[in-house]
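> Once you've had a glance at the structure underneath, I'll fire off some questions.
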Amino acid sequence: MENIIAFKGNVKYQITLDPGVWIFDDRRLDLTTYFIQDGIRKNELEEYTKAVSKHWDREIMEGAVFPPTLKTEKKFEKEKVLTGTFGIPFKPFLRNAEPKENAETVIIESEDGEIRLTLSLADDLILGFSKDGKPLKEDGPVHVYYGDGSNQNSPIKRVKAFRVE
């Protein structure tokens with residue numbers, strides 16, 4: 001249970017976060033490249049449109065038959081998951097907990113102390129949950145990165161809970 005993170009405080013729903021299952025989440029981000037993309041954040045509709053277009057183009061060029069390259073691509077993706085360094089956006093968890101109208105801050109509780117952030121800054125947080133394909137057992141279960149990457153080399157570690165006030 002030490003890997004479970006409580007989400008509590010001035011929220012409609014008290015939830016728990018389990019970083020162990022995020023490796024299967026489609027929202028995961030590759031932290032080795034995320035902060036060096038010049039801060040470009042694509043919106044979801046644009047990404048979806050590009051993915052559908054790419055698939056459509058591929059079917060037109062190659063036909064709807066599954067060429068052998070698809071197996072290679074799946075193997076590559078599987079290998080990437082087993083060896084990658086990943087994070088996940090914090091915003092969906094914050095939205096699911098539904099902060100109450102008078103809520104103003106998110107407090108990150110860690111073994112090293114507490115850090116206060118406004119709700120708008122908390123929206124941009126990234127929760128790192130794996131490094132080189134392994135969970136963060138030593139100083140985890142998550143590392144908290146600011147959305148702008150300003151603490152990329154020194155993230156907030158040993159997080160125990162998120163508290164909304």
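Each chain of the structure tokens is named A, B, ... in the order shown, its residues numbered from 1; ligands are numbered from 1 in display order.
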Which residues come within 8 Å of region 18-24 of chain A, counting only C-alpha atoms, excluding same-chain residues fewer than 3 positions away, as a ChimeraX atom specification?

/A:3-5,28,81,86,88,129,135,141-142

> For the helix (DSSP H, G or I) assignment from backbone DSSP, which residues of region 8-162 of chain A qualify? Please present them as a ChimeraX atom specification.

/A:19-24,31-34,44-62,69-83,91-97,119-123

> Could those selected residues go to a file with C-alpha atoms, as a PDB file, in the first residue's frame?


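Output contents, as saved in again_1.pdb:
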```pdb
ATOM      1  CA  PRO A  19       1.079   4.568 -10.293  1.00  0.00           C
ATOM      2  CA  GLY A  20       1.581   0.845 -10.895  1.00  0.00           C
ATOM      3  CA  VAL A  21      -1.189   0.746 -13.495  1.00  0.00           C
ATOM      4  CA  TRP A  22      -0.303   3.905 -15.399  1.00  0.00           C
ATOM      5  CA  ILE A  23       2.085   2.074 -17.723  1.00  0.00           C
ATOM      6  CA  PHE A  24      -1.039   0.804 -19.519  1.00  0.00           C
ATOM      7  CA  LEU A  31       9.728  12.021 -20.158  1.00  0.00           C
ATOM      8  CA  THR A  32      12.974  11.689 -22.107  1.00  0.00           C
ATOM      9  CA  THR A  33      11.507  13.893 -24.842  1.00  0.00           C
ATOM     10  CA  TYR A  34       8.539  15.676 -23.255  1.00  0.00           C
ATOM     11  CA  GLU A  44      -6.127  16.313 -28.427  1.00  0.00           C
ATOM     12  CA  LEU A  45      -8.362  16.921 -31.450  1.00  0.00           C
ATOM     13  CA  GLU A  46      -5.360  17.768 -33.623  1.00  0.00           C
ATOM     14  CA  GLU A  47      -3.515  14.635 -32.482  1.00  0.00           C
ATOM     15  CA  TYR A  48      -6.570  12.468 -33.108  1.00  0.00           C
ATOM     16  CA  THR A  49      -7.049  13.955 -36.579  1.00  0.00           C
ATOM     17  CA  LYS A  50      -3.419  13.314 -37.485  1.00  0.00           C
ATOM     18  CA  ALA A  51      -3.565   9.710 -36.220  1.00  0.00           C
ATOM     19  CA  VAL A  52      -6.728   8.982 -38.205  1.00  0.00           C
ATOM     20  CA  SER A  53      -5.245  10.630 -41.302  1.00  0.00           C
ATOM     21  CA  LYS A  54      -2.059   8.600 -40.976  1.00  0.00           C
ATOM     22  CA  HIS A  55      -4.062   5.385 -40.652  1.00  0.00           C
ATOM     23  CA  TRP A  56      -6.236   6.308 -43.635  1.00  0.00           C
ATOM     24  CA  ASP A  57      -3.188   7.124 -45.781  1.00  0.00           C
ATOM     25  CA  ARG A  58      -1.575   3.842 -44.804  1.00  0.00           C
ATOM     26  CA  GLU A  59      -4.660   1.844 -45.801  1.00  0.00           C
ATOM     27  CA  ILE A  60      -4.822   3.619 -49.150  1.00  0.00           C
ATOM     28  CA  MET A  61      -1.118   3.033 -49.858  1.00  0.00           C
ATOM     29  CA  GLU A  62      -0.798  -0.505 -48.505  1.00  0.00           C
ATOM     30  CA  THR A  69       5.699  -4.017 -40.412  1.00  0.00           C
ATOM     31  CA  LEU A  70       2.770  -3.814 -37.986  1.00  0.00           C
ATOM     32  CA  LYS A  71       4.178  -6.706 -35.966  1.00  0.00           C
ATOM     33  CA  THR A  72       7.539  -4.943 -35.860  1.00  0.00           C
ATOM     34  CA  GLU A  73       5.902  -1.713 -34.736  1.00  0.00           C
ATOM     35  CA  LYS A  74       4.017  -3.528 -31.950  1.00  0.00           C
ATOM     36  CA  LYS A  75       7.245  -5.166 -30.808  1.00  0.00           C
ATOM     37  CA  PHE A  76       8.977  -1.766 -30.791  1.00  0.00           C
ATOM     38  CA  GLU A  77       6.167  -0.219 -28.715  1.00  0.00           C
ATOM     39  CA  LYS A  78       6.286  -3.120 -26.259  1.00  0.00           C
ATOM     40  CA  GLU A  79      10.071  -2.746 -25.922  1.00  0.00           C
ATOM     41  CA  LYS A  80       9.677   1.005 -25.422  1.00  0.00           C
ATOM     42  CA  VAL A  81       7.221   0.437 -22.548  1.00  0.00           C
ATOM     43  CA  LEU A  82       9.621  -2.011 -20.877  1.00  0.00           C
ATOM     44  CA  THR A  83      12.621   0.331 -21.047  1.00  0.00           C
ATOM     45  CA  LYS A  91      -4.880  17.413 -14.563  1.00  0.00           C
ATOM     46  CA  PRO A  92      -7.267  14.461 -15.185  1.00  0.00           C
ATOM     47  CA  PHE A  93      -6.845  13.281 -11.584  1.00  0.00           C
ATOM     48  CA  LEU A  94      -7.474  16.773 -10.269  1.00  0.00           C
ATOM     49  CA  ARG A  95     -10.613  17.050 -12.406  1.00  0.00           C
ATOM     50  CA  ASN A  96     -11.872  13.614 -11.248  1.00  0.00           C
ATOM     51  CA  ALA A  97     -11.503  14.617  -7.594  1.00  0.00           C
ATOM     52  CA  LEU A 119      -4.877  25.117  -8.879  1.00  0.00           C
ATOM     53  CA  SER A 120      -3.892  26.580 -12.243  1.00  0.00           C
ATOM     54  CA  LEU A 121      -0.224  25.651 -11.725  1.00  0.00           C
ATOM     55  CA  ALA A 122      -1.243  22.187 -10.526  1.00  0.00           C
ATOM     56  CA  ASP A 123      -3.136  21.648 -13.798  1.00  0.00           C
TER      57      ASP A 123
END
```

> Using only C-alpha atoms, which protein or nucleic acid residues come within 12 Å of region 114-118 of chain A? Drop anything in the same chain fewer than 3 positions from it, and give the result as number ranges by chain.

A: 99, 103-111, 121-125, 144, 146, 155-165

> By how many Å are CA of Gly84 (chain A) and CA of Ala6 (chain A) apart?

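Separation of CA of Gly84 (chain A) and CA of Ala6 (chain A): 25.6 Å.
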
> Give me, as an NGL selection string, all polymer residues having an atom no more than 9 Å from Gly149 (chain A), counting only C-alpha atoms and skipping those fewer than 3 positions away in the same chain.

:A and (34-36 or 39 or 145-146 or 152-153)

> Extract the full set of strand (DSSP E or B) residues from chain A according to DSSP on the backbone, and format it as an NGL selection string.

:A and (5-9 or 11 or 15-17 or 29-30 or 86-89 or 99 or 105-110 or 113-118 or 126-131 or 134-135 or 143-145 or 156 or 159-164)

> Which is closer to Ser130 (chain A) than all the others in A:His143, A:Lys8, A:Asn151, A:Glu98, using only C-alpha atoms?

A:His143

> Extract, using only C-alpha atoms, all DNA, RNA and protein residues at most 10 Å from Glu101 (chain A), discarding same-chain residues fewer than 6 positions from it, and format them as number ranges by chain.

A: 10-12

> Could you save those same residues with C-alpha atoms as a PDB file, in the first residue's frame?


```pdb
ATOM      1  CA  ASN A  10     -11.372  20.222  -0.199  1.00  0.00           C
ATOM      2  CA  VAL A  11     -12.628  17.973  -3.006  1.00  0.00           C
ATOM      3  CA  LYS A  12     -15.947  16.378  -3.800  1.00  0.00           C
TER       4      LYS A  12
END
```
